[in-house]
>>> print(open('input-v4.csv').read())   # CSV, C-alpha atoms
chain,number,residue,atom,x,y,z
A,1384,ARG,CA,0.0,0.0,0.0
A,1385,PRO,CA,1.3,3.6,-0.7
A,1386,PRO,CA,2.8,5.4,2.2
A,1387,ARG,CA,0.5,7.7,4.2
A,1388,SER,CA,1.0,11.5,3.7
A,1389,THR,CA,-0.6,14.7,4.9
A,1390,LEU,CA,-1.1,17.9,3.0
A,1391,PHE,CA,-0.4,21.2,4.8
A,1392,PRO,CA,-1.0,24.5,3.1
A,1393,TYR,CA,1.1,27.5,4.1
A,1394,THR,CA,1.7,31.1,3.1
A,1395,THR,CA,5.2,32.5,2.5
A,1396,LEU,CA,6.4,35.8,4.0
A,1397,PHE,CA,9.6,37.6,3.0
A,1398,ARG,CA,10.8,34.6,0.9
A,1399,SER,CA,10.9,32.2,3.9
A,1400,TRP,CA,8.2,29.8,5.2
A,1401,SER,CA,7.5,27.6,8.1
A,1402,THR,CA,4.7,25.5,9.4
A,1403,THR,CA,4.0,23.1,12.3
A,1404,ILE,CA,2.9,19.6,11.4
A,1405,ASP,CA,1.3,16.8,13.6
A,1406,LEU,CA,3.1,13.6,12.4
A,1407,THR,CA,1.3,11.3,14.8
A,1408,PRO,CA,-1.1,10.0,12.1
A,1409,LEU,CA,1.9,8.8,10.0
A,1410,GLY,CA,3.5,5.4,10.4
A,1411,GLU,CA,6.7,5.0,12.4
A,1412,GLY,CA,10.0,4.0,11.0
A,1413,ALA,CA,12.8,5.3,8.8
A,1414,GLY,CA,12.3,6.6,5.2
A,1415,ALA,CA,9.9,9.5,5.9
A,1416,PHE,CA,10.5,12.6,3.7
A,1417,VAL,CA,9.1,16.1,2.9
A,1418,THR,CA,7.7,17.1,-0.5
A,1419,ALA,CA,6.8,20.8,-1.1
A,1420,THR,CA,5.2,22.5,-4.0
A,1421,GLU,CA,4.6,26.2,-4.5
A,1422,THR,CA,1.7,28.0,-6.2
A,1423,ASP,CA,2.2,31.6,-7.2
A,1424,THR,CA,-0.5,34.3,-7.4
A,1425,ALA,CA,-1.1,33.6,-11.0
A,1426,GLY,CA,-2.0,30.0,-10.2
A,1427,ASN,CA,1.3,28.5,-11.6
A,1428,ILE,CA,2.3,25.4,-9.7
A,1429,GLY,CA,6.1,24.9,-9.4
A,1430,ASN,CA,7.9,21.6,-9.6
A,1431,PRO,CA,7.8,19.6,-6.4
A,1432,VAL,CA,10.8,19.7,-4.1
A,1433,THR,CA,11.7,16.7,-1.9
A,1434,ASN,CA,14.1,16.9,0.9
A,1435,GLY,CA,14.9,15.0,4.1
A,1436,ASN,CA,15.0,11.4,4.9
A,1437,PHE,CA,14.1,10.9,8.5
A,1438,GLU,CA,12.8,8.4,11.0
A,1439,ILE,CA,9.5,8.7,12.9
A,1440,ASP,CA,9.7,7.2,16.4
A,1441,ILE,CA,7.0,8.2,18.8
A,1442,THR,CA,6.7,5.0,20.9
A,1443,PRO,CA,8.1,5.4,24.4
A,1444,PRO,CA,10.3,2.7,25.9
A,1445,THR,CA,9.0,0.0,28.1
A,1446,VAL,CA,10.5,0.2,31.6
A,1447,THR,CA,10.0,-2.4,34.4
A,1448,ILE,CA,11.3,-3.1,37.9
A,1449,ASP,CA,11.7,-6.7,38.9
A,1450,PRO,CA,10.4,-8.0,42.3
A,1451,LEU,CA,13.1,-8.1,45.0
A,1452,VAL,CA,13.8,-11.8,45.7
A,1453,PRO,CA,12.5,-13.4,47.7
A,1454,ASP,CA,9.9,-11.2,49.5
A,1455,ASP,CA,10.4,-7.4,48.8
A,1456,GLU,CA,11.6,-7.1,52.4
A,1457,ILE,CA,15.0,-5.9,53.4
A,1458,ASN,CA,16.5,-6.8,56.8
A,1459,ARG,CA,19.7,-5.5,58.5
A,1460,SER,CA,22.0,-8.0,56.9
A,1461,GLU,CA,20.7,-7.1,53.4
A,1462,GLU,CA,20.5,-3.3,53.6
A,1463,SER,CA,24.1,-2.6,52.5
A,1464,SER,CA,23.8,-4.3,49.2
A,1465,VAL,CA,20.2,-4.5,47.8
A,1466,PRO,CA,20.1,-6.0,44.3
A,1467,MET,CA,17.7,-4.4,41.8
A,1468,SER,CA,17.0,-5.2,38.2
A,1469,GLY,CA,14.5,-4.7,35.4
A,1470,THR,CA,14.1,-4.0,31.7
A,1471,ALA,CA,14.4,-0.8,29.5
A,1472,GLU,CA,15.4,0.4,26.1
A,1473,PRO,CA,18.6,-1.6,25.0
A,1474,ASN,CA,21.9,0.3,25.1
A,1475,THR,CA,20.6,3.3,27.0
A,1476,ASN,CA,20.7,4.4,30.6
A,1477,VAL,CA,18.0,4.1,33.2
A,1478,ILE,CA,17.8,6.4,36.2
A,1479,VAL,CA,16.9,4.3,39.2
A,1480,THR,CA,15.8,6.0,42.5
A,1481,VAL,CA,15.1,4.7,46.0
A,1482,ASP,CA,13.2,7.0,48.3
A,1483,ASP,CA,11.9,6.7,51.8
A,1484,GLY,CA,9.8,9.9,51.6
A,1485,THR,CA,12.6,12.0,53.1
A,1486,ILE,CA,15.9,10.8,51.6
A,1487,SER,CA,16.3,9.7,48.0
A,1488,ILE,CA,19.3,8.0,46.3
A,1489,SER,CA,19.6,8.0,42.4
A,1490,ARG,CA,22.0,6.5,40.0
A,1491,SER,CA,22.3,6.0,36.2
A,1492,VAL,CA,22.5,2.4,35.2
A,1493,LEU,CA,23.5,1.1,31.8
A,1494,VAL,CA,21.0,-1.1,30.0
A,1495,SER,CA,22.4,-4.1,28.2
A,1496,SER,CA,21.9,-4.9,24.5
A,1497,ALA,CA,19.3,-7.5,25.7
A,1498,GLY,CA,17.4,-4.7,27.4
A,1499,ILE,CA,18.2,-5.7,31.0
A,1500,TRP,CA,19.5,-3.4,33.7
A,1501,MET,CA,21.0,-4.5,37.1
A,1502,THR,CA,22.5,-2.6,40.0
A,1503,THR,CA,22.8,-2.7,43.8
A,1504,PHE,CA,22.0,0.0,46.4
A,1505,ASP,CA,23.2,0.6,49.9
A,1506,ILE,CA,20.0,1.8,51.6
A,1507,TYR,CA,21.5,2.1,55.1
A,1508,SER,CA,20.8,5.8,55.2
A,1509,LEU,CA,17.1,5.3,54.5
A,1510,SER,CA,14.6,4.9,57.3
A,1511,ASP,CA,12.8,1.7,58.1
A,1512,GLY,CA,9.4,1.3,56.6
A,1513,SER,CA,8.1,1.7,53.0
A,1514,VAL,CA,10.8,2.4,50.4
A,1515,SER,CA,9.8,3.3,46.9
A,1516,ILE,CA,11.8,2.3,43.8
A,1517,THR,CA,11.4,4.1,40.5
A,1518,ALA,CA,13.0,3.8,37.1
A,1519,PHE,CA,13.1,6.4,34.3
A,1520,ASN,CA,14.3,5.8,30.8
A,1521,THR,CA,14.8,7.8,27.6
A,1522,ASP,CA,15.3,6.1,24.2
A,1523,PRO,CA,17.6,7.4,21.5
A,1524,ALA,CA,14.7,9.3,19.8
A,1525,GLY,CA,14.1,11.2,23.0
A,1526,ASN,CA,10.9,9.4,24.1
A,1527,SER,CA,10.7,8.9,27.9
A,1528,ALA,CA,8.8,6.6,30.2
A,1529,SER,CA,8.8,5.5,33.8
A,1530,ALA,CA,8.3,2.1,35.3
A,1531,THR,CA,5.4,1.3,37.6
A,1532,PRO,CA,7.0,2.1,41.0
A,1533,ARG,CA,7.7,-0.8,43.3
A,1534,THR,CA,7.4,-0.5,47.1
A,1535,ILE,CA,9.6,-2.6,49.4
A,1536,THR,CA,9.8,-2.8,53.2
A,1537,LYS,CA,12.9,-2.0,55.1
A,1538,ASP,CA,13.0,-3.5,58.6
A,1539,THR,CA,16.3,-3.5,60.4
A,1540,ASP,CA,15.1,-3.3,64.0
A,1541,LEU,CA,16.5,-6.2,66.0
A,1542,PRO,CA,14.0,-8.3,67.8
A,1543,ILE,CA,13.8,-7.9,71.6
A,1544,LEU,CA,14.1,-11.3,73.2
A,1545,SER,CA,14.1,-12.4,76.8
A,1546,ILE,CA,14.0,-15.7,78.8
A,1547,ASP,CA,12.1,-15.7,82.0
A,1548,ASN,CA,14.1,-16.1,85.2
A,1549,ASN,CA,13.5,-18.8,87.9
A,1550,LEU,CA,12.6,-21.6,85.4
A,1551,THR,CA,10.6,-24.5,87.1
A,1552,GLY,CA,10.2,-22.3,90.1
A,1553,ASP,CA,13.6,-23.0,91.6
A,1554,ASP,CA,15.9,-23.1,88.6
A,1555,ILE,CA,16.5,-26.8,89.3
A,1556,VAL,CA,15.2,-29.5,87.0
A,1557,ASN,CA,14.6,-32.8,88.7
A,1558,ALA,CA,13.7,-36.2,87.2
A,1559,ALA,CA,10.0,-35.5,87.2
A,1560,GLU,CA,10.4,-32.2,85.4
A,1561,ALA,CA,13.1,-33.1,82.8
A,1562,PRO,CA,10.8,-34.9,80.3
A,1563,THR,CA,8.5,-31.9,79.9
A,1564,PHE,CA,10.8,-28.9,80.7
A,1565,THR,CA,9.0,-25.7,79.9
A,1566,ILE,CA,10.9,-22.5,78.9
A,1567,THR,CA,9.1,-19.1,78.7
A,1568,GLY,CA,10.0,-15.6,77.8
A,1569,THR,CA,9.1,-12.7,75.5
A,1570,ALA,CA,9.7,-11.9,71.9
A,1571,SER,CA,8.0,-10.2,69.0
A,1572,ASN,CA,4.4,-11.4,68.6
A,1573,GLY,CA,4.0,-13.9,65.8
A,1574,GLU,CA,7.7,-14.6,65.5
A,1575,MET,CA,9.5,-17.9,65.9
A,1576,VAL,CA,12.1,-18.3,68.7
A,1577,GLU,CA,14.9,-20.9,68.2
A,1578,LEU,CA,16.0,-22.6,71.4
A,1579,ILE,CA,19.4,-24.2,72.0
A,1580,ILE,CA,19.9,-26.0,75.3
A,1581,THR,CA,23.4,-27.0,76.5
A,1582,ASP,CA,24.6,-28.9,79.6
A,1583,ARG,CA,27.3,-27.8,82.0
A,1584,THR,CA,30.1,-29.0,79.8
A,1585,GLY,CA,28.9,-26.9,76.9
A,1586,MET,CA,27.5,-29.8,74.9
A,1587,MET,CA,24.3,-29.0,73.0
A,1588,VAL,CA,21.7,-31.5,74.1
A,1589,GLN,CA,18.5,-30.2,72.4
A,1590,ILE,CA,17.3,-27.8,69.7
A,1591,GLY,CA,13.7,-26.6,69.6
A,1592,ARG,CA,11.5,-23.9,68.2
A,1593,ALA,CA,8.7,-22.0,69.9
A,1594,SER,CA,6.1,-19.5,68.5
A,1595,CYS,CA,5.5,-16.2,70.2
A,1596,ARG,CA,1.9,-15.1,71.0
A,1597,GLU,CA,0.3,-12.5,73.2
A,1598,ARG,CA,-0.1,-13.5,76.8
>>> encode(input="input-v4.csv", output="structure tokens")
Amino acid sequence: RPPRSTLFPYTTLFRSWSTTIDLTPLGEGAGAFVTATETDTAGNIGNPVTNGNFEIDITPPTVTIDPLVPDDEINRSEESSVPMSGTAEPNTNVIVTVDDGTISISRSVLVSSAGIWMTTFDIYSLSDGSVSITAFNTDPAGNSASATPRTITKDTDLPILSIDNNLTGDDIVNAAEAPTFTITGTASNGEMVELIITDRTGMMVQIGRASCRER
């Protein structure tokens, strides 16, 4: 089928001319060109003049942010090196920003020829709670787009754990109590507490787990 084209009339002033054209109805790709003809006051139509061979690219890039493995939650041991990745226009740069609502950290990340970007962030300076990740990309034609923001949770507070004193009432475990020895204490509600019991020689004799619930 013949290429689509649009006719735009104009009026010349002082031997120069200009006009503004909406190219969005035309197809994208290389090989677009401009053809102009002039009609004088007597009605004579001059020979067409063709110039330019340019590309139309009005489609913005597709930008994504991958989920953080495995749970979109960052703890104290992970905060200094948080891996992030996603997709964007190949062979460009994507601006990745992490923000806790008060402090933001941004960096430019190179996108591979396969359209994949990867980086790591140290988010120690960000507050605990919700942290937003955004990614912004501009393609070679100048079209820009942002990824759907991803929200992660930063939680670096250490749990507060205690073991109750005076176990068994007298801190002595006798033969009757040993088979069903009960240990109590406090921890964060809903969390699991790992127990390791050792004898007087330092030998571990039992490992157990207990769930924490409100008293």
>>> residues_around(input="input-v4.csv", residues="range 1399-1416 of chain A", least_positions_apart="6", cutoff="6 Å", atoms="all atoms listed in the file", output="PDB file with C-alpha atoms, in the coordinates of the input")
ATOM      1  CA  GLY A1435      14.900  15.000   4.100  1.00  0.00           C
ATOM      2  CA  ASN A1436      15.000  11.400   4.900  1.00  0.00           C
ATOM      3  CA  PHE A1437      14.100  10.900   8.500  1.00  0.00           C
ATOM      4  CA  GLU A1438      12.800   8.400  11.000  1.00  0.00           C
ATOM      5  CA  ILE A1439       9.500   8.700  12.900  1.00  0.00           C
ATOM      6  CA  ASP A1440       9.700   7.200  16.400  1.00  0.00           C
TER       7      ASP A1440
END
>>> atom_distance(input="input-v4.csv", atom1="CA of Pro1562 in chain A", atom2="CA of Met1586 in chain A")
18.3 Å
>>> residues_around(input="input-v4.csv", residues="range 1498-1503 of chain A", least_positions_apart="5", cutoff="10 Å", atoms="only C-alpha atoms", output="MDAnalysis selection string")
chainID A and resid 1445:1449 1463:1477 1479 1490:1493
>>> closest_atom_pairs(input="input-v4.csv", of="range 1435-1549 of chain A", to="range 1574-1580 of chain A", cutoff="12 Å", atoms="all atoms listed in the file", output="tab-separated table")
residue	atom	partner	partner_atom	distance
A:Pro1542	CA	A:Glu1574	CA	9.2
A:Ile1543	CA	A:Glu1574	CA	10.9
A:Leu1544	CA	A:Val1576	CA	8.6
A:Ser1545	CA	A:Val1576	CA	10.2
A:Ile1546	CA	A:Leu1578	CA	10.3
>>> closest_residue(input="input-v4.csv", among="A:Val1588, A:Val1556, A:Ala1419, A:Val1481", to="Pro1532 in chain A", atoms="only C-alpha atoms")
A:Val1481
>>> atom_distance(input="input-v4.csv", atom1="CA of Ser1571 in chain A", atom2="CA of Thr1539 in chain A")
13.7 Å
>>> closest_atom_pairs(input="input-v4.csv", of="range 1389-1443 of chain A", to="range 1506-1521 of chain A", cutoff="12 Å", atoms="only C-alpha atoms", output="tab-separated table")
residue	atom	partner	partner_atom	distance
A:Ile1441	CA	A:Thr1521	CA	11.8
A:Thr1442	CA	A:Thr1521	CA	10.9
A:Pro1443	CA	A:Thr1521	CA	7.8
>>> residues_around(input="input-v4.csv", residues="Thr1418 in chain A", least_positions_apart="2", cutoff="7 Å", atoms="all atoms listed in the file", output="list of chain:residue names")
A:Phe1416, A:Thr1420, A:Pro1431, A:Val1432, A:Thr1433, A:Asn1434
>>> closest_residue(input="input-v4.csv", among="A:Ala1524, A:Leu1541, A:Ala1570, A:Ile1555", to="Arg1459 in chain A", atoms="only C-alpha atoms")
A:Leu1541
>>> atom_distance(input="input-v4.csv", atom1="CA of Ala1497 in chain A", atom2="CA of Pro1453 in chain A")
23.8 Å
>>> residues_near_point(input="input-v4.csv", point="(7.1, -7.4, 52.5)", cutoff="7 Å", atoms="all atoms listed in the file", output="list in words")
Asp1454, Asp1455, Glu1456, Ile1535 and Thr1536 of chain A
>>> closest_residue(input="input-v4.csv", among="A:Glu1461, A:Glu1421, A:Leu1451, A:Asn1430", to="Asp1538 in chain A", atoms="only C-alpha atoms")
A:Glu1461
>>> decode(input="input-v4.csv", residues="range 1541-1587 of chain A", atoms="N, CA and C atoms", output="mmCIF file, in the first residue's frame")
data_model
loop_
_atom_site.group_PDB
_atom_site.id
_atom_site.type_symbol
_atom_site.label_atom_id
_atom_site.label_comp_id
_atom_site.auth_asym_id
_atom_site.auth_seq_id
_atom_site.Cartn_x
_atom_site.Cartn_y
_atom_site.Cartn_z
ATOM 1 N N LEU A 1541 16.251 -4.923 65.430
ATOM 2 C CA LEU A 1541 16.514 -6.244 65.980
ATOM 3 C C LEU A 1541 15.390 -6.640 66.923
ATOM 4 N N PRO A 1542 15.003 -7.912 66.918
ATOM 5 C CA PRO A 1542 13.952 -8.347 67.842
ATOM 6 C C PRO A 1542 14.422 -8.253 69.293
ATOM 7 N N ILE A 1543 13.481 -7.977 70.180
ATOM 8 C CA ILE A 1543 13.771 -7.907 71.625
ATOM 9 C C ILE A 1543 13.336 -9.221 72.240
ATOM 10 N N LEU A 1544 14.301 -9.979 72.713
ATOM 11 C CA LEU A 1544 14.053 -11.327 73.210
ATOM 12 C C LEU A 1544 14.497 -11.454 74.660
ATOM 13 N N SER A 1545 13.706 -12.158 75.450
ATOM 14 C CA SER A 1545 14.100 -12.414 76.843
ATOM 15 C C SER A 1545 13.690 -13.815 77.238
ATOM 16 N N ILE A 1546 14.380 -14.373 78.216
ATOM 17 C CA ILE A 1546 14.037 -15.675 78.801
ATOM 18 C C ILE A 1546 13.671 -15.413 80.261
ATOM 19 N N ASP A 1547 12.517 -15.906 80.665
ATOM 20 C CA ASP A 1547 12.071 -15.686 82.044
ATOM 21 C C ASP A 1547 13.040 -16.312 83.039
ATOM 22 N N ASN A 1548 13.212 -15.631 84.157
ATOM 23 C CA ASN A 1548 14.054 -16.143 85.234
ATOM 24 C C ASN A 1548 13.296 -17.197 86.049
ATOM 25 N N ASN A 1549 14.046 -17.874 86.911
ATOM 26 C CA ASN A 1549 13.474 -18.830 87.856
ATOM 27 C C ASN A 1549 12.661 -19.904 87.138
ATOM 28 N N LEU A 1550 13.285 -20.543 86.149
ATOM 29 C CA LEU A 1550 12.623 -21.621 85.431
ATOM 30 C C LEU A 1550 12.315 -22.762 86.385
ATOM 31 N N THR A 1551 11.180 -23.392 86.229
ATOM 32 C CA THR A 1551 10.648 -24.485 87.059
ATOM 33 C C THR A 1551 10.377 -24.058 88.493
ATOM 34 N N GLY A 1552 10.440 -22.756 88.730
ATOM 35 C CA GLY A 1552 10.158 -22.275 90.082
ATOM 36 C C GLY A 1552 11.376 -22.164 90.965
ATOM 37 N N ASP A 1553 12.372 -22.991 90.736
ATOM 38 C CA ASP A 1553 13.563 -22.959 91.587
ATOM 39 C C ASP A 1553 14.860 -23.057 90.804
ATOM 40 N N ASP A 1554 14.761 -22.989 89.471
ATOM 41 C CA ASP A 1554 15.929 -23.114 88.597
ATOM 42 C C ASP A 1554 16.659 -24.440 88.775
ATOM 43 N N ILE A 1555 15.933 -25.447 89.232
ATOM 44 C CA ILE A 1555 16.483 -26.798 89.330
ATOM 45 C C ILE A 1555 15.527 -27.738 88.610
ATOM 46 N N VAL A 1556 16.051 -28.518 87.689
ATOM 47 C CA VAL A 1556 15.240 -29.468 86.958
ATOM 48 C C VAL A 1556 15.485 -30.855 87.539
ATOM 49 N N ASN A 1557 14.412 -31.420 88.082
ATOM 50 C CA ASN A 1557 14.551 -32.750 88.673
ATOM 51 C C ASN A 1557 14.072 -33.819 87.696
ATOM 52 N N ALA A 1558 14.083 -35.066 88.130
ATOM 53 C CA ALA A 1558 13.733 -36.180 87.246
ATOM 54 C C ALA A 1558 12.298 -36.087 86.744
ATOM 55 N N ALA A 1559 11.396 -35.589 87.564
ATOM 56 C CA ALA A 1559 9.996 -35.486 87.154
ATOM 57 C C ALA A 1559 9.789 -34.369 86.141
ATOM 58 N N GLU A 1560 10.606 -33.325 86.232
ATOM 59 C CA GLU A 1560 10.429 -32.163 85.357
ATOM 60 C C GLU A 1560 11.176 -32.288 84.021
ATOM 61 N N ALA A 1561 12.230 -33.076 83.998
ATOM 62 C CA ALA A 1561 13.095 -33.138 82.814
ATOM 63 C C ALA A 1561 12.376 -33.550 81.535
ATOM 64 N N PRO A 1562 11.450 -34.516 81.564
ATOM 65 C CA PRO A 1562 10.819 -34.913 80.289
ATOM 66 C C PRO A 1562 9.938 -33.835 79.668
ATOM 67 N N THR A 1563 9.425 -32.914 80.464
ATOM 68 C CA THR A 1563 8.528 -31.868 79.939
ATOM 69 C C THR A 1563 8.983 -30.501 80.443
ATOM 70 N N PHE A 1564 10.244 -30.212 80.212
ATOM 71 C CA PHE A 1564 10.830 -28.944 80.680
ATOM 72 C C PHE A 1564 10.256 -27.779 79.874
ATOM 73 N N THR A 1565 9.669 -26.802 80.537
ATOM 74 C CA THR A 1565 9.036 -25.667 79.877
ATOM 75 C C THR A 1565 9.890 -24.420 80.041
ATOM 76 N N ILE A 1566 10.117 -23.749 78.927
ATOM 77 C CA ILE A 1566 10.875 -22.494 78.921
ATOM 78 C C ILE A 1566 9.952 -21.395 78.423
ATOM 79 N N THR A 1567 9.942 -20.249 79.103
ATOM 80 C CA THR A 1567 9.090 -19.125 78.701
ATOM 81 C C THR A 1567 9.914 -17.853 78.606
ATOM 82 N N GLY A 1568 9.352 -16.881 77.904
ATOM 83 C CA GLY A 1568 10.014 -15.592 77.762
ATOM 84 C C GLY A 1568 9.169 -14.678 76.904
ATOM 85 N N THR A 1569 9.778 -13.627 76.405
ATOM 86 C CA THR A 1569 9.065 -12.676 75.550
ATOM 87 C C THR A 1569 9.840 -12.465 74.262
ATOM 88 N N ALA A 1570 9.090 -12.167 73.179
ATOM 89 C CA ALA A 1570 9.669 -11.876 71.865
ATOM 90 C C ALA A 1570 8.614 -11.136 71.067
ATOM 91 N N SER A 1571 8.931 -10.850 69.828
ATOM 92 C CA SER A 1571 7.972 -10.161 68.961
ATOM 93 C C SER A 1571 6.808 -11.084 68.658
ATOM 94 N N ASN A 1572 5.593 -10.538 68.742
ATOM 95 C CA ASN A 1572 4.398 -11.354 68.552
ATOM 96 C C ASN A 1572 4.365 -11.960 67.159
ATOM 97 N N GLY A 1573 4.095 -13.256 67.106
ATOM 98 C CA GLY A 1573 3.986 -13.944 65.829
ATOM 99 C C GLY A 1573 5.289 -14.481 65.287
ATOM 100 N N GLU A 1574 6.407 -14.184 65.944
ATOM 101 C CA GLU A 1574 7.709 -14.632 65.460
ATOM 102 C C GLU A 1574 8.074 -15.988 66.054
ATOM 103 N N MET A 1575 9.043 -16.649 65.418
ATOM 104 C CA MET A 1575 9.545 -17.926 65.908
ATOM 105 C C MET A 1575 10.832 -17.708 66.697
ATOM 106 N N VAL A 1576 10.942 -18.409 67.817
ATOM 107 C CA VAL A 1576 12.140 -18.341 68.658
ATOM 108 C C VAL A 1576 12.840 -19.696 68.586
ATOM 109 N N GLU A 1577 14.119 -19.663 68.248
ATOM 110 C CA GLU A 1577 14.897 -20.898 68.203
ATOM 111 C C GLU A 1577 15.596 -21.098 69.536
ATOM 112 N N LEU A 1578 15.466 -22.299 70.082
ATOM 113 C CA LEU A 1578 16.039 -22.601 71.396
ATOM 114 C C LEU A 1578 17.173 -23.603 71.256
ATOM 115 N N ILE A 1579 18.269 -23.313 71.939
ATOM 116 C CA ILE A 1579 19.399 -24.238 72.004
ATOM 117 C C ILE A 1579 19.727 -24.427 73.475
ATOM 118 N N ILE A 1580 19.677 -25.657 73.941
ATOM 119 C CA ILE A 1580 19.934 -25.960 75.349
ATOM 120 C C ILE A 1580 21.236 -26.745 75.441
ATOM 121 N N THR A 1581 22.086 -26.308 76.325
ATOM 122 C CA THR A 1581 23.376 -26.989 76.513
ATOM 123 C C THR A 1581 23.529 -27.402 77.972
ATOM 124 N N ASP A 1582 24.322 -28.432 78.182
ATOM 125 C CA ASP A 1582 24.573 -28.870 79.554
ATOM 126 C C ASP A 1582 25.774 -28.137 80.129
ATOM 127 N N ARG A 1583 26.200 -28.494 81.322
ATOM 128 C CA ARG A 1583 27.259 -27.761 82.015
ATOM 129 C C ARG A 1583 28.612 -27.873 81.344
ATOM 130 N N THR A 1584 28.767 -28.879 80.476
ATOM 131 C CA THR A 1584 30.051 -29.034 79.790
ATOM 132 C C THR A 1584 30.098 -28.233 78.490
ATOM 133 N N GLY A 1585 28.962 -27.620 78.155
ATOM 134 C CA GLY A 1585 28.898 -26.872 76.909
ATOM 135 C C GLY A 1585 28.382 -27.691 75.752
ATOM 136 N N MET A 1586 28.032 -28.938 75.991
ATOM 137 C CA MET A 1586 27.508 -29.786 74.923
ATOM 138 C C MET A 1586 26.038 -29.466 74.670
ATOM 139 N N MET A 1587 25.687 -29.289 73.383
ATOM 140 C CA MET A 1587 24.308 -29.035 73.021
ATOM 141 C C MET A 1587 23.531 -30.337 73.142
#
